[in-house]
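One file, target.cif, is given below (mmCIF, C-alpha atoms).
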data_upload
#
loop_
_atom_site.label_atom_id
_atom_site.label_comp_id
_atom_site.auth_asym_id
_atom_site.auth_seq_id
_atom_site.Cartn_x
_atom_site.Cartn_y
_atom_site.Cartn_z
CA MET A 1 100.34 189.49 98.17
CA SER A 2 103.08 187.14 99.32
CA ASP A 3 104.02 186.78 102.95
CA HIS A 4 107.62 187.78 103.60
CA ARG A 5 107.83 186.58 107.18
CA PRO A 6 110.82 184.25 107.64
CA ILE A 7 110.29 180.51 107.82
CA LEU A 8 112.13 177.92 109.89
CA TYR A 9 111.51 174.26 109.10
CA CYS A 10 112.48 171.50 111.54
CA ARG A 11 113.23 168.10 110.04
CA CYS A 12 112.97 166.26 113.38
CA ALA A 13 115.69 164.00 112.03
CA TYR A 14 116.46 162.10 115.23
CA ALA A 15 113.07 160.59 115.93
CA LYS A 16 110.07 159.34 114.04
CA VAL A 17 107.51 161.48 115.78
CA LEU A 18 106.49 163.58 112.79
CA PRO A 19 104.51 161.77 110.11
CA GLU A 20 107.03 161.13 107.32
CA GLU A 21 104.54 162.01 104.65
CA VAL A 22 103.77 165.37 106.23
CA LYS A 23 107.34 166.48 106.83
CA ASP A 24 108.49 165.29 103.39
CA ARG A 25 105.60 166.91 101.57
CA VAL A 26 105.91 170.21 103.40
CA LEU A 27 109.64 170.37 102.71
CA GLU A 28 109.17 169.46 99.07
CA ARG A 29 106.63 172.21 98.56
CA LEU A 30 108.73 174.68 100.47
CA ILE A 31 111.65 173.88 98.16
CA ASP A 32 109.44 174.17 95.08
CA SER A 33 108.10 177.54 96.21
CA ASN A 34 110.05 180.69 95.64
CA LEU A 35 110.28 181.39 99.36
CA PRO A 36 113.53 181.75 101.27
CA PHE A 37 113.72 179.57 104.37
CA GLU A 38 115.95 178.21 107.07
CA SER A 39 115.84 174.50 107.79
CA VAL A 40 117.43 172.63 110.65
CA SER A 41 118.03 169.01 111.31
CA ASP A 42 116.40 168.89 114.72
CA LEU A 43 115.32 171.68 117.06
CA CYS A 44 115.52 169.31 120.01
CA GLU A 45 119.17 168.66 119.29
CA MET A 46 119.87 172.38 118.95
CA SER A 47 118.13 172.99 122.26
CA ALA A 48 120.02 170.18 123.97
CA ARG A 49 123.30 171.61 122.73
CA LYS A 50 122.21 175.16 123.56
CA ASP A 51 123.00 176.05 119.97
CA PRO A 52 123.57 179.82 119.63
CA GLY A 53 121.67 179.65 116.34
CA LEU A 54 118.42 179.39 118.28
CA VAL A 55 119.00 182.80 119.82
CA ALA A 56 119.69 184.28 116.39
CA LEU A 57 116.59 182.65 114.94
CA SER A 58 114.40 183.79 117.82
CA GLN A 59 115.31 187.38 117.05
CA GLN A 60 113.84 187.28 113.54
CA ASP A 61 110.69 189.35 113.55
CA GLY A 62 107.56 187.45 112.62
CA LEU A 63 109.33 184.10 112.39
CA ARG A 64 107.12 181.14 111.48
CA ILE A 65 108.34 177.77 112.70
CA VAL A 66 107.21 174.58 111.02
CA ALA A 67 107.78 171.91 113.63
CA CYS A 68 105.60 170.32 116.30
CA TYR A 69 103.62 171.49 119.32
CA PRO A 70 103.95 175.22 120.10
CA ARG A 71 104.41 174.52 123.80
CA ALA A 72 107.31 172.18 123.06
CA VAL A 73 108.91 174.62 120.62
CA LYS A 74 108.62 177.52 123.06
CA TRP A 75 110.35 175.68 125.89
CA LEU A 76 112.98 174.12 123.63
CA PHE A 77 114.01 177.63 122.65
CA SER A 78 113.83 178.74 126.26
CA ALA A 79 116.09 175.88 127.36
CA ALA A 80 118.70 177.21 124.93
CA GLY A 81 118.44 180.72 126.34
CA ALA A 82 116.17 182.05 123.58
CA ALA A 83 112.96 183.41 125.04
CA ILE A 84 110.11 183.48 122.55
CA GLN A 85 106.39 184.06 122.57
CA THR A 86 104.54 181.48 120.55
CA GLU A 87 101.06 181.21 119.23
CA SER A 88 99.75 178.30 117.23
CA SER A 89 98.00 179.16 114.01
CA GLN A 90 95.06 177.13 115.28
CA SER A 91 94.40 179.41 118.24
CA GLU A 92 94.97 182.42 116.04
CA SER A 93 92.19 181.31 113.73
CA SER A 94 89.76 181.23 116.61
CA GLN A 95 90.11 184.96 117.13
CA SER A 96 87.67 187.35 115.55
CA GLU A 97 88.65 188.50 112.10
CA SER A 98 89.30 192.08 113.10
CA SER A 99 91.33 191.25 116.16
CA GLN A 100 93.21 188.60 114.20
CA SER A 101 94.14 191.12 111.58
CA GLU A 102 95.22 193.64 114.18
CA SER A 103 97.16 191.15 116.22
CA SER A 104 98.96 189.57 113.28
CA GLN A 105 100.11 192.98 112.15
CA SER A 106 101.24 194.12 115.55
CA ASP A 107 102.65 190.77 116.65
CA ALA A 108 104.78 190.51 113.55
CA LYS A 109 106.53 193.68 114.66
CA GLN A 110 107.19 192.46 118.18
CA PRO A 111 110.59 190.87 118.58
CA GLY A 112 110.17 187.34 119.86
CA TYR A 113 106.66 186.70 118.57
CA ILE A 114 106.64 183.43 116.72
CA GLU A 115 103.94 181.45 114.98
CA VAL A 116 104.29 177.68 115.18
CA LEU A 117 102.80 175.33 112.60
CA ASN A 118 102.38 171.82 113.90
CA MET A 119 103.32 168.92 111.61
CA ARG A 120 102.32 166.40 114.28
CA THR A 121 98.68 167.34 114.11
CA ASP A 122 98.16 169.15 110.81
CA THR A 123 98.22 167.71 107.32
CA ALA A 124 100.79 168.86 104.76
CA ASP A 125 98.06 170.74 102.93
CA MET A 126 97.06 172.61 106.10
CA VAL A 127 100.64 173.56 106.91
CA CYS A 128 101.37 174.68 103.35
CA ALA A 129 98.17 176.70 103.20
CA LYS A 130 99.21 178.55 106.35
CA LEU A 131 102.60 179.23 104.76
CA GLY A 132 100.93 180.63 101.67
CA ILE A 133 102.14 177.78 99.47
CA GLY A 134 98.78 176.07 99.52
CA THR A 135 98.43 175.17 95.87
CA ILE A 136 99.31 171.58 95.22
CA GLU A 137 101.92 171.45 92.48
CA THR A 138 103.34 168.46 90.73
CA ALA A 139 107.05 168.36 90.16
CA GLU A 140 106.49 169.22 86.51
CA GLY A 141 104.00 171.95 87.36
CA ALA A 142 106.41 173.57 89.76
CA GLU A 143 108.98 173.88 87.06
CA SER A 144 106.71 175.35 84.41
CA MET B 145 127.35 188.66 119.90
CA ILE B 146 126.55 185.19 118.72
CA ALA B 147 128.70 182.36 119.97
CA THR B 148 130.26 180.16 117.34
CA ASN B 149 128.92 176.89 116.07
CA ARG B 150 131.92 174.88 114.94
CA GLU B 151 130.38 171.47 114.76
CA ARG B 152 129.16 171.47 111.16
CA PRO B 153 129.12 173.99 108.30
CA ARG B 154 125.90 175.67 107.31
CA VAL B 155 124.83 175.00 103.71
CA LEU B 156 123.19 177.78 101.76
CA LEU B 157 121.31 177.40 98.48
CA TYR B 158 121.77 180.74 96.79
CA GLU B 159 119.17 181.78 94.22
CA GLY B 160 119.45 185.55 94.54
CA ALA B 161 121.02 188.20 92.31
CA GLY B 162 123.72 186.85 90.02
CA ALA B 163 122.36 183.32 90.05
CA GLU B 164 119.70 181.22 88.40
CA PRO B 165 117.48 178.78 90.27
CA ILE B 166 119.21 175.52 91.10
CA ASP B 167 117.92 172.48 89.25
CA ALA B 168 114.65 171.52 90.94
CA ALA B 169 115.40 167.82 91.15
CA LEU B 170 118.78 168.49 92.75
CA ARG B 171 117.22 170.93 95.20
CA ARG B 172 114.55 168.43 96.20
CA SER B 173 117.04 165.67 96.79
CA ILE B 174 119.92 167.51 98.44
CA VAL B 175 117.97 169.44 101.09
CA PRO B 176 116.34 166.49 102.90
CA LYS B 177 119.54 164.47 102.56
CA LEU B 178 121.60 167.17 104.25
CA LEU B 179 119.01 167.74 106.97
CA ASP B 180 118.89 164.04 107.74
CA ARG B 181 122.65 164.15 108.18
CA GLY B 182 122.58 166.99 110.66
CA TYR B 183 123.30 170.03 108.49
CA THR B 184 121.52 173.36 108.68
CA VAL B 185 120.29 174.36 105.23
CA THR B 186 119.27 177.85 104.18
CA ARG B 187 117.64 178.89 100.94
CA ILE B 188 118.11 182.48 99.84
CA THR B 189 116.20 184.17 97.05
CA GLN B 190 115.94 187.84 96.18
CA ASN B 191 116.59 190.57 98.74
CA ALA B 192 117.81 188.32 101.51
CA ASN B 193 121.13 188.52 103.29
CA LEU B 194 123.32 185.69 104.46
CA GLY B 195 122.31 185.99 108.10
CA ASN B 196 124.34 184.63 110.95
CA LEU B 197 123.52 181.53 112.95
CA GLY B 198 126.90 181.42 114.60
CA HIS B 199 128.63 179.06 112.18
CA THR B 200 132.27 179.52 111.31
CA GLU B 201 132.00 177.80 107.93
CA LEU B 202 129.45 178.48 105.22
CA ILE B 203 129.05 176.51 102.00
CA ILE B 204 127.21 178.49 99.32
CA LEU B 205 125.77 176.47 96.48
CA GLY B 206 124.47 178.19 93.35
CA HIS B 207 124.03 178.21 89.64
CA PHE B 208 125.98 181.42 89.26
CA THR B 209 125.67 183.68 86.24
CA ARG B 210 128.61 185.81 87.29
CA PRO B 211 131.64 185.14 89.51
CA ALA B 212 130.48 184.52 93.03
CA ASP B 213 131.92 186.96 95.52
CA PHE B 214 130.23 186.78 98.88
CA GLN B 215 131.26 188.93 101.81
CA SER B 216 130.17 188.60 105.38
CA ASP B 217 130.35 191.14 108.17
CA GLN B 218 130.98 188.19 110.46
CA GLY B 219 134.76 188.36 110.74
CA ASP B 220 135.52 184.72 111.49
CA LEU B 221 133.22 183.22 108.86
CA LYS B 222 134.93 181.19 106.15
CA ILE B 223 132.92 180.98 102.93
CA HIS B 224 133.16 178.15 100.39
CA THR B 225 131.33 178.58 97.08
CA ARG B 226 130.37 175.89 94.62
CA ASP B 227 128.72 176.18 91.23
CA VAL B 228 126.41 173.20 91.12
CA ARG B 229 125.31 173.26 87.48
CA ASP B 230 127.29 170.08 86.69
CA ASP B 231 126.74 168.39 90.03
CA SER B 232 124.72 165.29 90.76
CA LEU B 233 123.39 164.48 94.21
CA GLU B 234 126.37 162.20 94.78
CA THR B 235 129.11 164.62 93.71
CA LEU B 236 127.55 167.45 95.68
CA THR B 237 127.19 165.35 98.81
CA GLU B 238 130.80 164.27 98.50
CA TYR B 239 131.93 167.87 98.19
CA ILE B 240 129.95 169.02 101.24
CA ASP B 241 131.10 166.10 103.35
CA ALA B 242 134.72 166.79 102.36
CA VAL B 243 134.42 170.41 103.47
CA ALA B 244 132.72 169.34 106.69
CA ALA B 245 135.37 166.73 107.41
CA GLY B 246 138.01 169.41 107.29
CA VAL B 247 136.35 171.76 109.71
CA SER B 248 134.06 169.85 112.04
CA GLU B 249 135.00 169.21 115.60
CA ALA B 250 134.10 165.82 116.98
CA ARG B 251 130.38 165.78 117.53
CA PRO B 252 129.55 164.31 120.93
CA HIS B 253 126.93 161.61 120.99
CA TRP B 254 123.45 162.94 121.51
CA LYS B 255 120.31 160.98 122.25
CA PRO B 256 116.99 162.57 121.38
CA TRP B 257 115.50 162.12 124.83
CA PHE B 258 115.60 164.69 127.61
CA PRO B 259 113.10 166.66 129.67
CA VAL B 260 112.13 170.25 128.98
CA ILE B 261 110.45 172.32 131.68
CA ASP B 262 107.39 174.43 130.94
CA TYR B 263 107.99 177.34 133.32
CA ASP B 264 104.52 178.70 132.65
CA ARG B 265 103.22 175.70 134.59
CA CYS B 266 106.11 174.78 136.92
CA THR B 267 105.57 175.79 140.55
CA ASN B 268 109.11 174.89 141.61
CA CYS B 269 107.80 172.18 143.95
CA MET B 270 110.99 170.10 143.45
CA GLN B 271 109.04 166.87 143.10
CA CYS B 272 111.02 165.99 139.96
CA LEU B 273 114.31 166.64 141.71
CA SER B 274 113.29 164.38 144.57
CA PHE B 275 111.96 161.71 142.25
CA CYS B 276 114.67 161.33 139.63
CA LEU B 277 117.35 158.88 140.74
CA PHE B 278 119.69 159.81 137.92
CA ASP B 279 120.40 163.40 138.95
CA VAL B 280 118.90 164.91 135.82
CA TYR B 281 117.48 167.84 137.77
CA GLY B 282 119.14 170.52 139.83
CA VAL B 283 118.56 174.11 140.84
CA ASN B 284 120.09 177.23 139.36
CA GLN B 285 121.46 180.20 141.25
CA ALA B 286 117.96 181.58 141.64
CA ASN B 287 116.91 178.28 143.28
CA GLN B 288 114.74 177.47 140.33
CA ILE B 289 114.41 173.87 139.20
CA THR B 290 116.35 173.22 136.04
CA VAL B 291 117.53 170.36 133.83
CA GLN B 292 121.20 170.08 134.70
CA ASN B 293 122.34 166.67 133.47
CA GLN B 294 120.14 165.85 130.51
CA THR B 295 122.47 163.11 129.29
CA ASN B 296 121.72 161.16 132.49
CA CYS B 297 118.10 160.83 131.38
CA LYS B 298 117.04 157.29 130.51
CA THR B 299 115.74 156.89 126.97
CA ASP B 300 111.97 156.42 126.72
CA CYS B 301 111.45 156.98 130.44
CA PRO B 302 108.94 159.80 131.01
CA ALA B 303 108.36 158.94 134.67
CA CYS B 304 109.29 162.35 136.07
CA SER B 305 106.81 163.92 133.70
CA ARG B 306 104.11 161.59 134.93
CA VAL B 307 104.69 162.45 138.57
CA CYS B 308 104.82 166.19 138.00
CA PRO B 309 101.65 167.51 139.65
CA GLU B 310 101.50 170.46 137.25
CA VAL B 311 102.15 168.53 134.02
CA ALA B 312 105.08 170.90 133.51
CA ILE B 313 107.67 168.47 132.18
CA LEU B 314 107.79 167.76 128.46
CA PHE B 315 109.56 165.17 126.40
CA PRO B 316 109.13 166.53 122.87
CA LYS B 317 109.89 163.18 121.25
CA TYR B 318 107.30 161.31 123.32
CA LYS B 319 104.42 159.69 121.47
CA ALA B 320 101.44 161.19 123.30
CA GLY B 321 100.17 164.37 124.89
CA PRO B 322 100.46 166.27 127.07
CA ILE B 323 103.98 164.91 127.69
CA ASN B 324 104.94 165.62 124.07
CA GLY B 325 104.03 169.30 124.42
CA ASP B 326 100.40 169.10 123.43
CA GLU B 327 98.16 171.48 125.33
CA VAL B 328 97.29 170.50 128.89
CA ASN B 329 93.65 170.23 129.84
CA GLN B 330 92.00 169.90 133.23
CA ASP B 331 91.60 166.14 132.87
CA ASP B 332 95.36 165.83 132.47
CA VAL B 333 95.95 167.81 135.65
CA ARG B 334 93.46 165.71 137.62
CA ARG B 335 94.97 162.49 136.32
CA GLU B 336 98.49 163.53 137.25
CA ALA B 337 97.40 164.49 140.75
CA MET B 338 96.05 161.00 141.34
CA LYS B 339 98.90 159.13 139.80
CA VAL B 340 101.58 158.33 142.28
CA ASP B 341 102.41 158.45 145.91
CA ILE B 342 106.02 159.42 145.49
CA SER B 343 107.10 158.80 149.06
CA ALA B 344 105.87 155.21 148.82
CA LEU B 345 107.65 154.81 145.55
CA LEU B 346 110.94 156.10 146.85
CA GLY B 347 110.99 154.53 150.28
CA GLY B 348 108.56 151.71 150.30
CA ASP B 349 107.40 148.52 148.74
CA ILE B 350 108.81 148.83 145.29
CA TYR B 351 112.41 149.04 146.35
CA SER B 352 112.00 146.46 149.08
CA MET B 353 110.69 144.09 146.47
CA LEU B 354 113.55 144.93 144.17
CA LYS B 355 116.02 144.24 146.96
CA ASP B 356 114.44 140.91 147.87
CA ARG B 357 114.32 139.75 144.31
CA SER B 358 117.82 140.91 143.66
CA GLU B 359 119.15 139.00 146.67
CA LYS B 360 117.34 135.86 145.61
CA ALA B 361 118.74 136.20 142.14
CA LYS B 362 122.25 136.72 143.52
CA SER B 363 121.89 133.74 145.81
CA ARG B 364 120.77 131.51 143.01
CA PHE B 365 123.54 132.83 140.83
CA SER B 366 126.22 132.05 143.40
CA LYS B 367 124.89 128.57 144.14
CA GLU B 368 124.31 127.42 140.65
CA ARG B 369 126.73 129.57 138.69
CA ASP B 370 124.21 129.70 135.92
CA ASP B 371 124.37 132.99 134.07
CA ASP B 372 121.35 132.30 131.93
CA ARG B 373 119.21 131.32 134.86
CA ALA B 374 120.23 134.37 136.86
CA LEU B 375 119.43 136.62 133.97
CA LYS B 376 116.05 134.99 133.50
CA GLU B 377 115.30 135.44 137.17
CA ARG B 378 116.29 139.06 137.00
CA GLN B 379 114.09 139.56 133.98
CA ARG B 380 111.11 137.97 135.77
CA CYS B 381 111.77 140.23 138.72
CA LEU B 382 111.85 143.26 136.49
CA ASP B 383 108.70 142.23 134.66
CA LYS B 384 106.86 141.96 137.94
CA LEU B 385 108.28 145.23 139.15
CA LYS B 386 107.25 146.85 135.92
CA SER B 387 103.71 145.57 136.25
CA ASN B 388 103.56 147.13 139.72
CA LEU B 389 104.62 150.41 138.21
CA ASP B 390 101.87 150.25 135.64
CA GLY B 391 101.01 153.71 134.48
CA LEU B 392 104.49 155.12 134.77
CA GLU B 393 105.74 153.31 131.66
CA ILE B 394 109.26 152.92 132.97
CA PRO B 395 111.25 150.88 130.46
CA ALA B 396 112.93 147.66 131.55
CA GLU B 397 116.30 149.16 130.66
CA VAL B 398 115.77 151.84 133.27
CA LEU B 399 114.71 149.39 135.93
CA SER B 400 117.66 147.16 135.21
CA SER B 401 120.03 150.10 135.61
CA LEU B 402 118.67 151.13 138.97
CA PRO B 403 121.30 151.39 141.70
CA SER B 404 121.25 149.09 144.71
CA PHE B 405 118.65 149.48 147.43
CA ASP B 406 121.09 151.24 149.75
CA GLN B 407 122.27 153.53 147.00
CA ILE B 408 118.69 154.37 146.13
CA GLN B 409 117.89 155.23 149.72
CA SER B 410 120.98 157.37 149.94
CA LYS B 411 120.27 159.14 146.66
CA ALA B 412 116.64 159.70 147.56
CA GLN B 413 117.66 161.18 150.87
CA ALA B 414 120.25 163.44 149.25
CA ALA B 415 117.79 164.57 146.59
CA LYS B 416 115.16 165.27 149.22
CA GLN B 417 117.62 167.35 151.19
CA ARG B 418 118.64 169.29 148.07
CA ALA B 419 115.00 169.93 147.24
CA GLU B 420 114.22 171.05 150.78
CA GLN B 421 117.27 173.28 150.85
CA ALA B 422 116.35 174.83 147.51
CA LEU B 423 112.80 175.44 148.69
CA ALA B 424 114.05 176.96 151.94
CA ASP B 425 116.46 179.22 150.07
CA ALA B 426 113.73 180.16 147.63
CA SER B 427 111.45 181.18 150.48
CA LEU B 428 114.16 183.55 151.70
CA LYS B 429 114.93 184.94 148.27
CA PRO B 430 112.21 185.41 145.63
CA THR B 431 112.90 183.48 142.43
CA THR B 432 113.28 185.22 139.13
CA PRO B 433 110.13 184.69 137.07
#

I need this file expressed as structure tokens, please.
Amino acid sequence: MSDHRPILYCRCAYAKVLPEEVKDRVLERLIDSNLPFESVSDLCEMSARKDPGLVALSQQDGLRIVACYPRAVKWLFSAAGAAIQTESSQSESSQSESSQSESSQSDAKQPGYIEVLNMRTDTADMVCAKLGIGTIETAEGAES
Amino acid sequence: MIATNRERPRVLLYEGAGAEPIDAALRRSIVPKLLDRGYTVTRITQNANLGNLGHTELIILGHFTRPADFQSDQGDLKIHTRDVRDDSLETLTEYIDAVAAGVSEARPHWKPWFPVIDYDRCTNCMQCLSFCLFDVYGVNQANQITVQNQTNCKTDCPACSRVCPEVAILFPKYKAGPINGDEVNQDDVRREAMKVDISALLGGDIYSMLKDRSEKAKSRFSKERDDDRALKERQRCLDKLKSNLDGLEIPAEVLSSLPSFDQIQSKAQAAKQRAEQALADASLKPTTP
């Protein structure tokens, strides 16, 4: 069953802190998937400008953000006046299976709960697997 | 109500009802290109609405199978539609840039370097306010430390983060943790606590040395009128100063832009007074968590 939680991808366009291969590969596979998504040039820039879009994004239930460290993402949103609760998918996986299942269901309904996938530490395959687009497709395969 | 974002239009790839998927090669090339140029790009498939991120202009790209007629409940939103079936990457980019040129307000320069405070860790000790000589920090109406002048921050200088005893200041574009937002562990906290004697840094040897070296450099400059030599002397001075600040990783550009010794003393004193005043006020009135 596909995951319908919204996705926000950050390109981190103004600095070379994300591995190019990871951010390119994740974006490519996101584009090749059938999933809707939002993508922004740079969350840091939006935060610095106090972009009102961050408030709107933070209000999307169950939002998943593909960016960098959860702590950084949380406080970047906060600096723009958008309070969010974050949890990295890594810490989520350390929970017991039953509690994980319960929490992911209940958290997805709580406004402001946001899962952050970290392209600074995870590989493209890991990020895509967490997004439910884990199968590696070639360009030709994606079209067929 | 969402405030408006007038700086750049939002681009939307529409693949919902009344449209076929956009050519895969075009999709793969246009999205990263637009993101790298500062656009926000949305992809919509079935059962999704346009959403509202506060933009006043929306460019909808699609391979439409019937006349595109998009409505928005956002009153001030202007919608541009474009059937992309005959577009190449170049023609599409030209079209989007032409729309953007007609609506964008001048985008002020932005540098990707500024501090972000982790309020889960911050104890409002005001050490950063006292330390920063460039007035990046201030206090809000609740007497809580806040980043007030982020554009004053010196690129690649994470010094305030390094002197924060709670490891509560992030620079998301920094290369290493925990300054980049990585989780903080106990070793990090211990290391930060040992790092710097701030009072010595602000009032003591470092600035005296800077003053002495600066005066020598000025003297030599006036006697010999040798620009190159004066610059070399200044660089040597800064290199030595930098080596004395080992561990803080303060870039040479920051050191070279430091104010004079007297100005530093004055600024440090003013910052200290502001911090003390904010702390005193905060003790009278509880801060908002």

Residues matched by the PyMOL selection byres ((chain B) within 8 of (chain A)), written as a PyMOL selection string: chain B and resi 146-149+168+171-172+176+179-189+192+196-198+254+256+258+260-263+294+314+316-319+324-327

Can you spit out the residues from that selection as a CSV table (one decimal), in the frame of the given file, using C-alpha atoms?
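Resulting contents of again_15.csv:
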chain,number,residue,atom,x,y,z
B,146,ILE,CA,126.6,185.2,118.7
B,147,ALA,CA,128.7,182.4,120.0
B,148,THR,CA,130.3,180.2,117.3
B,149,ASN,CA,128.9,176.9,116.1
B,168,ALA,CA,114.6,171.5,90.9
B,171,ARG,CA,117.2,170.9,95.2
B,172,ARG,CA,114.6,168.4,96.2
B,176,PRO,CA,116.3,166.5,102.9
B,179,LEU,CA,119.0,167.7,107.0
B,180,ASP,CA,118.9,164.0,107.7
B,181,ARG,CA,122.6,164.2,108.2
B,182,GLY,CA,122.6,167.0,110.7
B,183,TYR,CA,123.3,170.0,108.5
B,184,THR,CA,121.5,173.4,108.7
B,185,VAL,CA,120.3,174.4,105.2
B,186,THR,CA,119.3,177.8,104.2
B,187,ARG,CA,117.6,178.9,100.9
B,188,ILE,CA,118.1,182.5,99.8
B,189,THR,CA,116.2,184.2,97.0
B,192,ALA,CA,117.8,188.3,101.5
B,196,ASN,CA,124.3,184.6,111.0
B,197,LEU,CA,123.5,181.5,113.0
B,198,GLY,CA,126.9,181.4,114.6
B,254,TRP,CA,123.4,162.9,121.5
B,256,PRO,CA,117.0,162.6,121.4
B,258,PHE,CA,115.6,164.7,127.6
B,260,VAL,CA,112.1,170.2,129.0
B,261,ILE,CA,110.4,172.3,131.7
B,262,ASP,CA,107.4,174.4,130.9
B,263,TYR,CA,108.0,177.3,133.3
B,294,GLN,CA,120.1,165.8,130.5
B,314,LEU,CA,107.8,167.8,128.5
B,316,PRO,CA,109.1,166.5,122.9
B,317,LYS,CA,109.9,163.2,121.2
B,318,TYR,CA,107.3,161.3,123.3
B,319,LYS,CA,104.4,159.7,121.5
B,324,ASN,CA,104.9,165.6,124.1
B,325,GLY,CA,104.0,169.3,124.4
B,326,ASP,CA,100.4,169.1,123.4
B,327,GLU,CA,98.2,171.5,125.3

Two-atom distance - atom CA of Gln59 of chain A, atom CA of Phe315 of chain B (Å):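 Atom-to-atom, atom CA of Gln59 of chain A to atom CA of Phe315 of chain B, that is 24.8 Å.
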
d(atom CA of Ala415 of chain B, atom CA of Gln292 of chain B) in Å: 13.5 Å

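In this model, the gap between atom CA of Asp227 of chain B and atom CA of His207 of chain B comes to 5.4 Å.
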
Kindly provide, as lines of an AutoDock Vina configuration file, the centre and edge lengths (Å, one decimal) of an axis-aligned box around all atoms of segment 54-70 of chain A given in the file, with 6 Å on each side.
center_x = 111.7
center_y = 179.8
center_z = 115.6
size_x = 28.1
size_y = 31.0
size_z = 21.1

Expected selection from the PyMOL selection byres ((chain B and resi 236) around 12), given as number ranges by chain: B: 155, 170-171, 173-175, 177-178, 203-206, 225-235, 237-243

Result set, the PyMOL selection byres ((chain B and resi 162) around 10) on current file, as a list in words: Tyr158, Glu159, Gly160, Ala161, Ala163, Glu164, Gln190, Gly206, His207, Phe208, Thr209, Arg210, Pro211, Ala212 and Asp213 of chain B

Keeping only C-alpha atoms, write those residues as a compact mmCIF listing (two decimals), in the coordinates of the input.
# COMPACT_ATOMS: atom_id res chain seq x y z
CA TYR B 158 121.77 180.74 96.79
CA GLU B 159 119.17 181.78 94.22
CA GLY B 160 119.45 185.55 94.54
CA ALA B 161 121.02 188.20 92.31
CA ALA B 163 122.36 183.32 90.05
CA GLU B 164 119.70 181.22 88.40
CA GLN B 190 115.94 187.84 96.18
CA GLY B 206 124.47 178.19 93.35
CA HIS B 207 124.03 178.21 89.64
CA PHE B 208 125.98 181.42 89.26
CA THR B 209 125.67 183.68 86.24
CA ARG B 210 128.61 185.81 87.29
CA PRO B 211 131.64 185.14 89.51
CA ALA B 212 130.48 184.52 93.03
CA ASP B 213 131.92 186.96 95.52

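Nearest to Arg334 of chain B of all the residues B:Arg306, B:His224, B:His253, B:Lys298 is B:Arg306, counting all atoms listed in the file.
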
Residue list as a ChimeraX atom specification for point (117.7, 169.8, 137.5), cut-off 12 Å, all atoms listed in the file: /A:79 /B:258-261,268,270-285,287-297,304,313,415,418-419,422
